>>> print(open('start-v7.txt').read())   # compact mmCIF, C-alpha atoms
# COMPACT_ATOMS: atom_id res chain seq x y z
CA MET A 1201 112.81 87.73 115.66
CA SER A 1202 111.12 84.64 114.22
CA ASP A 1203 112.67 81.24 115.01
CA ASN A 1204 112.31 80.36 111.33
CA PRO A 1205 115.84 80.45 109.87
CA PHE A 1206 114.39 81.34 106.47
CA LEU A 1207 113.41 84.81 107.73
CA LYS A 1208 115.99 87.45 108.47
CA GLN A 1209 115.86 91.04 109.54
CA PHE A 1210 116.32 94.04 107.27
CA PRO A 1211 117.04 96.79 109.84
CA ASP A 1212 117.22 99.60 107.27
CA LEU A 1213 114.17 98.65 105.22
CA MET A 1214 111.22 101.01 105.90
CA ALA A 1215 113.11 102.11 109.03
CA GLY A 1216 111.18 104.69 111.03
CA LYS A 1217 108.13 104.28 108.80
CA LYS A 1218 104.64 102.90 109.33
CA VAL A 1219 103.45 99.82 107.45
CA MET A 1220 99.79 98.87 107.71
CA TYR A 1221 98.56 95.36 106.98
CA VAL A 1222 94.98 94.40 106.09
CA HIS A 1223 94.19 90.72 106.57
CA GLY A 1224 91.97 88.44 104.54
CA PHE A 1225 88.49 87.04 105.13
CA GLY A 1226 88.15 84.93 108.27
CA SER A 1227 91.58 85.94 109.55
CA SER A 1228 92.80 88.50 112.08
CA ALA A 1229 95.63 90.83 113.00
CA GLN A 1230 97.37 87.81 114.56
CA SER A 1231 98.01 86.19 111.19
CA GLY A 1232 101.34 84.77 110.13
CA THR A 1233 101.86 87.60 107.66
CA VAL A 1234 101.78 90.16 110.47
CA SER A 1235 104.42 88.14 112.33
CA ARG A 1236 106.57 88.01 109.20
CA LEU A 1237 106.31 91.75 108.69
CA ARG A 1238 107.28 92.49 112.28
CA SER A 1239 110.14 90.00 112.18
CA VAL A 1240 111.67 91.29 108.98
CA LEU A 1241 110.85 95.02 109.11
CA CYS A 1242 112.27 95.25 112.59
CA ASN A 1243 112.70 99.04 112.64
CA ALA A 1244 109.32 99.86 111.12
CA THR A 1245 106.02 100.18 112.96
CA VAL A 1246 103.60 97.53 111.73
CA ILE A 1247 99.92 98.42 112.21
CA ALA A 1248 97.30 95.68 112.04
CA GLU A 1249 93.75 95.54 113.34
CA ASP A 1250 91.01 92.91 113.26
CA MET A 1251 88.62 93.71 110.43
CA PRO A 1252 84.91 93.87 111.35
CA LEU A 1253 82.80 91.17 109.74
CA HIS A 1254 80.56 93.69 107.98
CA PRO A 1255 82.43 95.31 105.08
CA GLU A 1256 81.13 98.87 105.48
CA GLU A 1257 82.36 98.86 109.07
CA ALA A 1258 85.71 97.52 107.90
CA VAL A 1259 86.11 100.28 105.31
CA ASP A 1260 85.19 102.93 107.88
CA LEU A 1261 87.79 101.52 110.29
CA LEU A 1262 90.48 101.50 107.62
CA HIS A 1263 89.81 105.10 106.64
CA ARG A 1264 90.05 106.12 110.30
CA LEU A 1265 93.33 104.25 110.69
CA CYS A 1266 94.74 105.89 107.57
CA GLU A 1267 93.74 109.32 108.85
CA GLU A 1268 95.22 108.71 112.30
CA GLU A 1269 98.35 106.74 111.40
CA LYS A 1270 99.16 108.06 107.91
CA PRO A 1271 100.97 104.85 106.92
CA ASP A 1272 103.87 105.00 104.49
CA LEU A 1273 102.83 101.67 102.96
CA ILE A 1274 99.70 99.52 103.08
CA LEU A 1275 99.65 95.80 102.29
CA GLY A 1276 96.51 93.71 101.96
CA THR A 1277 95.95 90.05 101.15
CA SER A 1278 92.84 88.50 99.59
CA MET A 1279 89.83 90.40 100.99
CA GLY A 1280 92.33 92.78 102.57
CA GLY A 1281 93.76 93.36 99.10
CA MET A 1282 90.34 94.47 97.91
CA TYR A 1283 90.06 96.91 100.83
CA THR A 1284 93.63 98.12 100.28
CA GLU A 1285 92.95 99.08 96.67
CA MET A 1286 90.25 101.46 97.94
CA LEU A 1287 92.63 103.34 100.25
CA TYR A 1288 93.59 106.00 97.74
CA GLY A 1289 96.44 108.39 98.40
CA PHE A 1290 98.89 105.83 99.81
CA ASP A 1291 101.51 103.48 98.39
CA ARG A 1292 99.92 100.02 98.40
CA ILE A 1293 100.61 96.37 97.66
CA VAL A 1294 97.63 94.11 97.00
CA ILE A 1295 98.40 90.39 97.24
CA ASN A 1296 96.02 87.89 95.62
CA PRO A 1297 93.24 90.51 95.95
CA ALA A 1298 89.68 89.18 96.11
CA PHE A 1299 88.05 91.96 94.12
CA LYS A 1300 84.94 89.82 93.66
CA ILE A 1301 84.73 88.71 97.28
CA GLY A 1302 80.99 88.01 97.22
CA GLU A 1303 81.36 85.53 94.38
CA THR A 1304 84.44 84.01 96.01
CA MET A 1305 82.52 83.41 99.24
CA THR A 1306 79.80 81.53 97.39
CA GLU A 1307 82.13 79.54 95.13
CA HIS A 1308 84.36 78.32 97.96
CA GLY A 1309 81.75 77.51 100.57
CA LEU A 1310 82.42 80.45 102.83
CA THR A 1311 78.79 80.69 103.85
CA GLY A 1312 77.10 79.27 106.92
CA HIS A 1313 78.90 78.75 110.24
CA GLN A 1314 82.58 79.71 110.06
CA THR A 1315 85.58 79.83 112.42
CA TYR A 1316 88.23 82.54 112.38
CA GLN A 1317 91.64 81.18 111.43
CA ASN A 1318 93.47 83.23 114.06
CA PRO A 1319 92.64 84.61 117.52
CA ARG A 1320 90.93 88.00 117.63
CA LYS A 1321 91.08 90.76 120.22
CA ASP A 1322 87.39 90.48 121.08
CA GLY A 1323 87.73 86.73 121.73
CA VAL A 1324 85.10 85.87 119.12
CA GLN A 1325 86.05 82.79 117.14
CA LYS A 1326 82.77 81.83 115.45
CA PHE A 1327 80.74 83.77 112.92
CA PHE A 1328 77.92 83.17 110.47
CA VAL A 1329 77.71 84.14 106.81
CA ASP A 1330 74.23 84.42 105.31
CA ASN A 1331 72.98 85.71 101.97
CA ASN A 1332 72.56 89.23 103.28
CA LEU A 1333 76.21 89.38 104.31
CA VAL A 1334 77.27 88.06 100.90
CA LYS A 1335 75.24 90.86 99.31
CA GLU A 1336 77.04 93.37 101.53
CA TYR A 1337 80.38 92.15 100.21
CA LYS A 1338 79.16 92.27 96.62
CA ARG A 1339 78.06 95.87 97.11
CA ILE A 1340 81.34 96.92 98.69
CA SER A 1341 83.36 95.30 95.89
CA GLU A 1342 81.58 97.55 93.39
CA LEU A 1343 83.59 100.43 94.88
CA CYS A 1344 86.86 98.96 93.63
CA PHE A 1345 88.72 101.05 91.03
CA SER A 1346 86.33 103.97 91.52
CA ARG A 1347 89.02 106.63 91.90
CA VAL A 1348 91.88 105.40 89.75
CA ASP A 1349 93.79 108.21 88.06
CA GLU A 1350 97.31 108.45 86.66
CA THR A 1351 98.80 109.16 90.08
CA GLU A 1352 97.06 106.18 91.67
CA ARG A 1353 98.16 103.93 88.83
CA GLN A 1354 101.75 104.45 89.94
CA ARG A 1355 101.08 103.83 93.65
CA VAL A 1356 99.63 100.31 93.57
CA TRP A 1357 101.57 97.08 93.04
CA GLY A 1358 99.64 93.84 92.46
CA LEU A 1359 101.11 90.43 93.37
CA PHE A 1360 99.40 87.29 92.13
CA GLY A 1361 100.32 83.70 93.02
CA ASP A 1362 100.70 81.50 89.96
CA GLU A 1363 99.15 78.58 91.87
CA ASP A 1364 96.28 80.53 93.45
CA LYS A 1365 93.17 78.35 93.15
CA THR A 1366 90.95 80.66 95.21
CA VAL A 1367 90.86 83.94 93.29
CA ASP A 1368 92.03 85.04 89.85
CA THR A 1369 91.87 88.79 89.42
CA PHE A 1370 95.14 89.36 87.55
CA ASP A 1371 93.49 90.51 84.32
CA LEU A 1372 90.93 92.64 86.17
CA PHE A 1373 93.69 94.40 88.11
CA ARG A 1374 95.75 94.97 84.97
CA GLN A 1375 92.83 96.78 83.36
CA HIS A 1376 93.32 99.53 85.94
CA TYR A 1377 96.95 99.34 87.15
CA PRO A 1378 100.11 98.64 85.14
CA THR A 1379 102.17 96.80 87.76
CA ALA A 1380 100.71 93.29 87.91
CA ILE A 1381 103.32 90.72 88.94
CA HIS A 1382 103.07 86.96 89.17
CA PHE A 1383 104.97 85.15 91.93
CA HIS A 1384 105.47 81.47 92.71
CA GLY A 1385 102.92 80.64 95.37
CA GLU A 1386 99.37 79.84 96.35
CA HIS A 1387 96.58 82.01 97.74
CA ARG A 1388 97.97 81.95 101.26
CA MET A 1389 101.41 83.46 101.71
CA ASP A 1390 104.19 81.38 103.19
CA ASP A 1391 107.71 82.38 104.25
CA ARG A 1392 109.24 81.60 100.87
CA SER A 1393 106.75 83.51 98.74
CA TYR A 1394 106.81 86.39 101.22
CA MET A 1395 110.60 86.71 101.11
CA HIS A 1396 111.00 86.13 97.35
CA ALA A 1397 108.00 88.15 96.15
CA VAL A 1398 106.74 90.66 98.72
CA MET A 1399 110.05 91.76 100.23
CA PRO A 1400 111.61 92.86 96.91
CA VAL A 1401 108.54 94.98 96.12
CA ILE A 1402 108.69 96.59 99.57
CA ARG A 1403 112.35 97.35 98.86
CA TRP A 1404 111.45 98.98 95.51
CA ILE A 1405 108.84 101.15 97.21
CA ASP A 1406 111.17 102.15 100.04
CA ASP A 1407 113.83 103.11 97.48
CA LEU A 1408 111.32 105.20 95.52
CA GLN A 1409 110.13 106.97 98.65
CA GLU A 1410 113.70 107.77 99.68
CA GLY A 1411 114.96 108.63 96.21
CA ARG A 1412 117.57 105.94 96.78
CA GLN A 1413 119.71 104.80 93.86
CA ARG A 1414 121.30 101.38 94.36
CA PRO A 1415 124.34 100.24 92.36
CA VAL A 1416 123.31 98.36 89.21
CA ILE A 1417 124.39 94.81 88.40
CA LEU A 1418 123.78 93.46 84.90
CA ILE A 1419 123.78 89.67 84.45
CA SER A 1420 123.89 88.16 80.96
CA PHE A 1421 121.65 85.20 80.28
CA GLN A 1422 124.71 83.23 79.22
CA ALA A 1423 126.06 83.62 82.76
CA ALA A 1424 122.68 82.83 84.33
CA CYS A 1425 121.65 79.69 82.44
CA ASP A 1426 123.46 76.61 81.15
CA LYS A 1427 123.33 75.09 77.66
CA TRP A 1428 120.23 73.11 78.63
CA GLY A 1429 118.35 76.27 79.58
CA LYS A 1430 118.48 75.63 83.32
CA PRO A 1431 119.79 78.04 85.96
CA ARG A 1432 123.48 77.60 86.65
CA SER A 1433 124.43 76.26 90.05
CA SER A 1434 123.92 78.86 92.80
CA VAL A 1435 122.76 81.60 90.41
CA GLN A 1436 119.32 81.78 92.07
CA LYS A 1437 120.99 82.03 95.46
CA ALA A 1438 123.23 84.78 94.11
CA PHE A 1439 120.33 86.70 92.58
CA ARG A 1440 118.41 86.70 95.87
CA ARG A 1441 121.46 87.85 97.78
CA LEU A 1442 122.34 90.58 95.31
CA ILE A 1443 118.89 92.18 95.20
CA GLU A 1444 119.22 92.97 98.90
CA ASN A 1445 121.74 95.69 98.08
CA TYR A 1446 121.69 96.19 94.32
CA GLN A 1447 119.38 96.79 91.39
CA VAL A 1448 119.81 93.61 89.35
CA PHE A 1449 118.93 93.29 85.67
CA LEU A 1450 119.16 90.32 83.33
CA VAL A 1451 120.52 91.02 79.86
CA GLY A 1452 119.60 88.97 76.81
CA PRO A 1453 120.48 89.28 73.12
CA SER A 1454 118.15 91.45 71.03
CA ASP A 1455 116.53 89.92 67.95
CA PHE A 1456 113.51 91.79 66.67
CA ASN A 1457 112.79 88.94 64.27
CA ALA A 1458 112.34 86.50 67.14
CA ARG A 1459 109.82 88.22 69.41
CA SER A 1460 108.50 84.91 70.71
CA GLU A 1461 112.00 83.95 71.87
CA MET A 1462 112.32 87.25 73.71
CA GLU A 1463 108.98 86.62 75.41
CA GLN A 1464 110.19 83.15 76.38
CA THR A 1465 113.30 84.74 77.86
CA VAL A 1466 111.17 87.01 80.05
CA SER A 1467 109.08 84.01 81.13
CA TRP A 1468 112.27 82.09 81.95
CA ALA A 1469 113.50 84.96 84.12
CA GLU A 1470 110.23 85.24 86.02
CA GLN A 1471 110.03 81.45 86.41
CA TYR A 1472 113.43 81.08 88.00
CA PHE A 1473 113.94 84.48 89.67
CA ASP A 1474 110.32 85.13 90.66
CA ALA A 1475 108.81 88.58 91.17
CA PRO A 1476 112.14 90.51 91.32
CA ALA A 1477 112.64 89.76 87.61
CA TYR A 1478 109.52 91.76 86.74
CA ASN A 1479 110.49 94.65 84.45
CA HIS A 1480 114.17 93.82 85.04
CA VAL A 1481 115.03 92.18 81.71
CA ILE A 1482 116.97 94.10 79.07
CA PHE A 1483 117.53 93.05 75.45
CA THR A 1484 120.54 94.40 73.59
CA CYS A 1485 123.30 93.34 71.22
CA GLN A 1486 125.57 96.04 72.66
CA PRO A 1487 125.86 95.34 76.42
CA GLN A 1488 128.93 97.58 76.65
CA LEU A 1489 126.65 100.57 76.04
CA LEU A 1490 124.45 99.85 79.05
CA LEU A 1491 124.75 102.02 82.13
CA GLY A 1492 125.64 99.86 85.11
CA ASP A 1493 128.17 99.45 87.85
CA TYR A 1494 128.87 95.76 87.22
CA LEU A 1495 128.38 93.41 84.27
CA ILE A 1496 128.57 89.65 84.81
CA ASP A 1497 129.12 87.79 81.55
CA THR A 1498 130.82 84.65 80.26
CA VAL A 1499 133.14 86.61 77.96
CA PRO A 1500 135.22 89.79 78.31
CA VAL A 1501 133.24 92.92 77.41
CA ASP A 1502 135.34 95.79 76.11
CA ASN A 1503 134.47 99.45 76.71
CA PHE A 1504 131.92 98.78 79.46
CA MET A 1505 132.06 101.78 81.78
CA GLY A 1506 131.73 99.70 84.96
CA THR A 1507 133.39 96.57 86.33
CA VAL A 1508 133.20 93.41 84.21
CA ILE A 1509 133.09 90.09 86.08
CA GLU A 1510 133.79 87.15 83.80
CA TYR A 1511 131.88 84.09 84.99
CA GLY A 1512 133.95 80.91 84.49
CA SER A 1513 137.28 82.74 84.60
CA ASP A 1514 140.06 81.81 87.00
CA SER A 1515 138.89 84.49 89.44
CA PHE A 1516 135.17 83.68 89.22
CA LYS A 1517 134.80 80.02 88.32
CA THR A 1518 131.46 79.65 90.12
CA TRP A 1519 128.56 81.76 91.31
CA GLU A 1520 129.62 81.04 94.88
CA GLU A 1521 132.82 82.97 94.21
CA ILE A 1522 130.79 85.84 92.79
CA ILE A 1523 128.61 85.82 95.92
CA THR A 1524 131.72 86.03 98.10
CA TYR A 1525 133.03 88.94 96.01
CA PHE A 1526 129.87 91.01 96.46
CA ASP A 1527 129.53 90.07 100.12
CA ARG A 1528 132.94 91.61 100.66
CA LEU A 1529 131.87 94.76 98.80
CA GLY A 1530 128.97 95.18 101.21
CA GLY A 1531 126.65 96.86 98.75
CA GLN A 1532 129.21 99.19 97.17
>>> encode(input="start-v7.txt", output="structure tokens")
Amino acid sequence: MSDNPFLKQFPDLMAGKKVMYVHGFGSSAQSGTVSRLRSVLCNATVIAEDMPLHPEEAVDLLHRLCEEEKPDLILGTSMGGMYTEMLYGFDRIVINPAFKIGETMTEHGLTGHQTYQNPRKDGVQKFFVDNNLVKEYKRISELCFSRVDETERQRVWGLFGDEDKTVDTFDLFRQHYPTAIHFHGEHRMDDRSYMHAVMPVIRWIDDLQEGRQRPVILISFQAACDKWGKPRSSVQKAFRRLIENYQVFLVGPSDFNARSEMEQTVSWAEQYFDAPAYNHVIFTCQPQLLLGDYLIDTVPVDNFMGTVIEYGSDSFKTWEEIITYFDRLGGQ
């Protein structure tokens, strides 16, 4: 287990499954992301290998690994995200994928003498990038999206840091795959962006693979934000705790004459709740008709089929009290 108190284990997540990670350019299988995966997915087998410098060799290696290991999930970052997209037939997460890696290498000075960021098995720490190698990467990137069909469109999740200054392939990805999600972070993953963006998506995929249905919690925007439009105290903490065991949706009022306000509401949710808010915002003027196990609102809601929790009431004056309530339920 990592010494970082921010990371914690999820013993049931991807338990007994194989997760393969594909690192970025100039990195190795000893990267921090591999350590995070092994720390958090403690009952999964995490597969990671050093990628050869030459892209055709890297693709050949990855296809061999897929054939031998048959991973349940593949994650790739940056250059590794480009490679991961090409590994058709598997559930995949591409994180800040460098689909135009040749151009990226030129634009960011990744030519000439370079040093690997992490130790590699072969002990090599220096390498050289010349124009021929750049051309190899440009040729390999032309293979991206070559076998996208309706099945593949549902098996790839794209995560894109909103402060990524290295690559910007969000729109390109969205031309081919529907699930393109922004998260708060830069090109390189850190503990916070990993836990708040990548982990929830892994949880969604694991649930889909297992046919698992988690209890549903609906949170009204009135309970989530104050009169100044800021998150209420501890609501972000509560949201991150709740998504560990529940499907959590935010519920806003429906007004078809104010589409821009609805779009702003979605942006607010993604700004303050990050990637887990993607596709988890519902607009309705009749919340009592929604199917859910719990509804958290600032007012009583009659005829809701589940349990109504009234934020601000004597029993639930704060979000901390709501956190305690659900901690005691233990995911029920």
>>> atom_distance(input="start-v7.txt", atom1="atom CA of A:Ser1420", atom2="atom CA of A:Tyr1525")
17.6 Å
>>> residues_around(input="start-v7.txt", residues="A:Ile1482", least_positions_apart="6", cutoff="10 Å", atoms="all atoms listed in the file", output="number ranges by chain")
A: 1418-1420, 1449-1454, 1462, 1466, 1490
>>> residues_around(input="start-v7.txt", residues="A:Tyr1337", least_positions_apart="6", cutoff="8 Å", atoms="only C-alpha atoms", output="short mmCIF file (atom, residue, chain, number, x, y, z; two decimals) with C-alpha atoms, keeping the file's coordinate frame")
data_model
loop_
_atom_site.label_atom_id
_atom_site.label_comp_id
_atom_site.auth_asym_id
_atom_site.auth_seq_id
_atom_site.Cartn_x
_atom_site.Cartn_y
_atom_site.Cartn_z
CA HIS A 1254 80.56 93.69 107.98
CA PRO A 1255 82.43 95.31 105.08
CA ILE A 1301 84.73 88.71 97.28
CA GLY A 1302 80.99 88.01 97.22
#
>>> atom_distance(input="start-v7.txt", atom1="atom CA of A:Pro1271", atom2="atom CA of A:His1382")
25.3 Å
>>> atom_distance(input="start-v7.txt", atom1="atom CA of A:Asp1368", atom2="atom CA of A:Lys1300")
9.4 Å
>>> residues_around(input="start-v7.txt", residues="A:Leu1253", least_positions_apart="5", cutoff="9 Å", atoms="all atoms listed in the file", output="count of residues only")
5
>>> residues_around(input="start-v7.txt", residues="A:Arg1292", least_positions_apart="4", cutoff="9 Å", atoms="only C-alpha atoms", output="PyMOL selection string")
chain A and resi 1272-1276+1284-1285+1287-1288+1355-1358
>>> closest_residue(input="start-v7.txt", among="A:Gln1422, A:Thr1484, A:Gly1216, A:Gly1323", to="A:Val1499", atoms="all atoms listed in the file")
A:Gln1422
>>> closest_residue(input="start-v7.txt", among="A:Gln1436, A:Asn1332, A:Gln1314, A:Thr1498", to="A:Ala1469", atoms="only C-alpha atoms")
A:Gln1436
>>> closest_residue(input="start-v7.txt", among="A:Val1481, A:Ile1523, A:Val1416, A:Leu1372", to="A:Asp1493", atoms="all atoms listed in the file")
A:Val1416
>>> build_atoms(input="start-v7.txt", residues="stretch 1243-1254 of chain A", atoms="all heavy atoms", output="compact mmCIF listing (two decimals), keeping the file's coordinate frame")
# COMPACT_ATOMS: atom_id res chain seq x y z
N ASN A 1243 112.64 97.64 112.22
CA ASN A 1243 112.70 99.04 112.64
C ASN A 1243 111.57 99.87 112.05
O ASN A 1243 111.63 101.10 112.03
CB ASN A 1243 114.04 99.66 112.27
CG ASN A 1243 115.14 99.20 113.23
OD1 ASN A 1243 114.92 99.04 114.42
ND2 ASN A 1243 116.32 98.95 112.70
N ALA A 1244 110.54 99.20 111.57
CA ALA A 1244 109.32 99.86 111.12
C ALA A 1244 108.21 99.58 112.13
O ALA A 1244 108.27 98.60 112.88
CB ALA A 1244 108.91 99.37 109.74
N THR A 1245 107.20 100.42 112.14
CA THR A 1245 106.02 100.18 112.96
C THR A 1245 104.96 99.50 112.10
O THR A 1245 104.53 100.05 111.09
CB THR A 1245 105.45 101.51 113.51
OG1 THR A 1245 106.44 102.15 114.31
CG2 THR A 1245 104.20 101.27 114.33
N VAL A 1246 104.59 98.29 112.48
CA VAL A 1246 103.60 97.53 111.73
C VAL A 1246 102.24 97.66 112.41
O VAL A 1246 102.09 97.30 113.58
CB VAL A 1246 104.00 96.05 111.59
CG1 VAL A 1246 102.91 95.26 110.88
CG2 VAL A 1246 105.33 95.93 110.84
N ILE A 1247 101.27 98.19 111.69
CA ILE A 1247 99.92 98.42 112.21
C ILE A 1247 98.99 97.37 111.64
O ILE A 1247 98.95 97.16 110.41
CB ILE A 1247 99.43 99.82 111.80
CG1 ILE A 1247 100.40 100.90 112.30
CG2 ILE A 1247 98.01 100.08 112.32
CD1 ILE A 1247 100.27 102.20 111.55
N ALA A 1248 98.26 96.70 112.49
CA ALA A 1248 97.30 95.68 112.04
C ALA A 1248 96.15 95.62 113.03
O ALA A 1248 96.38 95.57 114.24
CB ALA A 1248 97.97 94.32 111.89
N GLU A 1249 94.94 95.63 112.51
CA GLU A 1249 93.75 95.54 113.34
C GLU A 1249 92.82 94.46 112.79
O GLU A 1249 92.83 94.16 111.60
CB GLU A 1249 92.99 96.89 113.36
CG GLU A 1249 93.75 98.02 114.02
CD GLU A 1249 93.85 97.85 115.54
OE1 GLU A 1249 93.09 97.02 116.09
OE2 GLU A 1249 94.68 98.55 116.15
N ASP A 1250 92.02 93.87 113.69
CA ASP A 1250 91.01 92.91 113.26
C ASP A 1250 89.95 93.64 112.44
O ASP A 1250 89.41 94.66 112.88
CB ASP A 1250 90.34 92.26 114.47
CG ASP A 1250 91.30 91.40 115.27
OD1 ASP A 1250 92.37 91.05 114.75
OD2 ASP A 1250 90.97 91.08 116.43
N MET A 1251 89.65 93.11 111.26
CA MET A 1251 88.62 93.71 110.43
C MET A 1251 87.22 93.28 110.90
O MET A 1251 86.99 92.09 111.16
CB MET A 1251 88.80 93.29 108.97
CG MET A 1251 90.01 93.91 108.28
SD MET A 1251 89.93 95.71 108.18
CE MET A 1251 91.01 96.19 109.56
N PRO A 1252 86.30 94.24 111.05
CA PRO A 1252 84.91 93.87 111.35
C PRO A 1252 84.35 92.94 110.28
O PRO A 1252 84.77 92.98 109.12
CB PRO A 1252 84.19 95.22 111.35
CG PRO A 1252 85.25 96.23 111.63
CD PRO A 1252 86.49 95.70 110.97
N LEU A 1253 83.39 92.12 110.67
CA LEU A 1253 82.80 91.17 109.74
C LEU A 1253 82.04 91.90 108.63
O LEU A 1253 82.09 91.49 107.47
CB LEU A 1253 81.86 90.23 110.49
CG LEU A 1253 81.15 89.16 109.65
CD1 LEU A 1253 82.15 88.24 108.96
CD2 LEU A 1253 80.19 88.36 110.53
N HIS A 1254 81.35 92.97 108.98
CA HIS A 1254 80.56 93.69 107.98
C HIS A 1254 81.47 94.65 107.21
O HIS A 1254 82.19 95.46 107.81
CB HIS A 1254 79.41 94.44 108.65
CG HIS A 1254 78.37 93.51 109.23
ND1 HIS A 1254 77.36 92.98 108.48
CD2 HIS A 1254 78.24 93.01 110.48
CE1 HIS A 1254 76.61 92.18 109.24
NE2 HIS A 1254 77.13 92.19 110.47
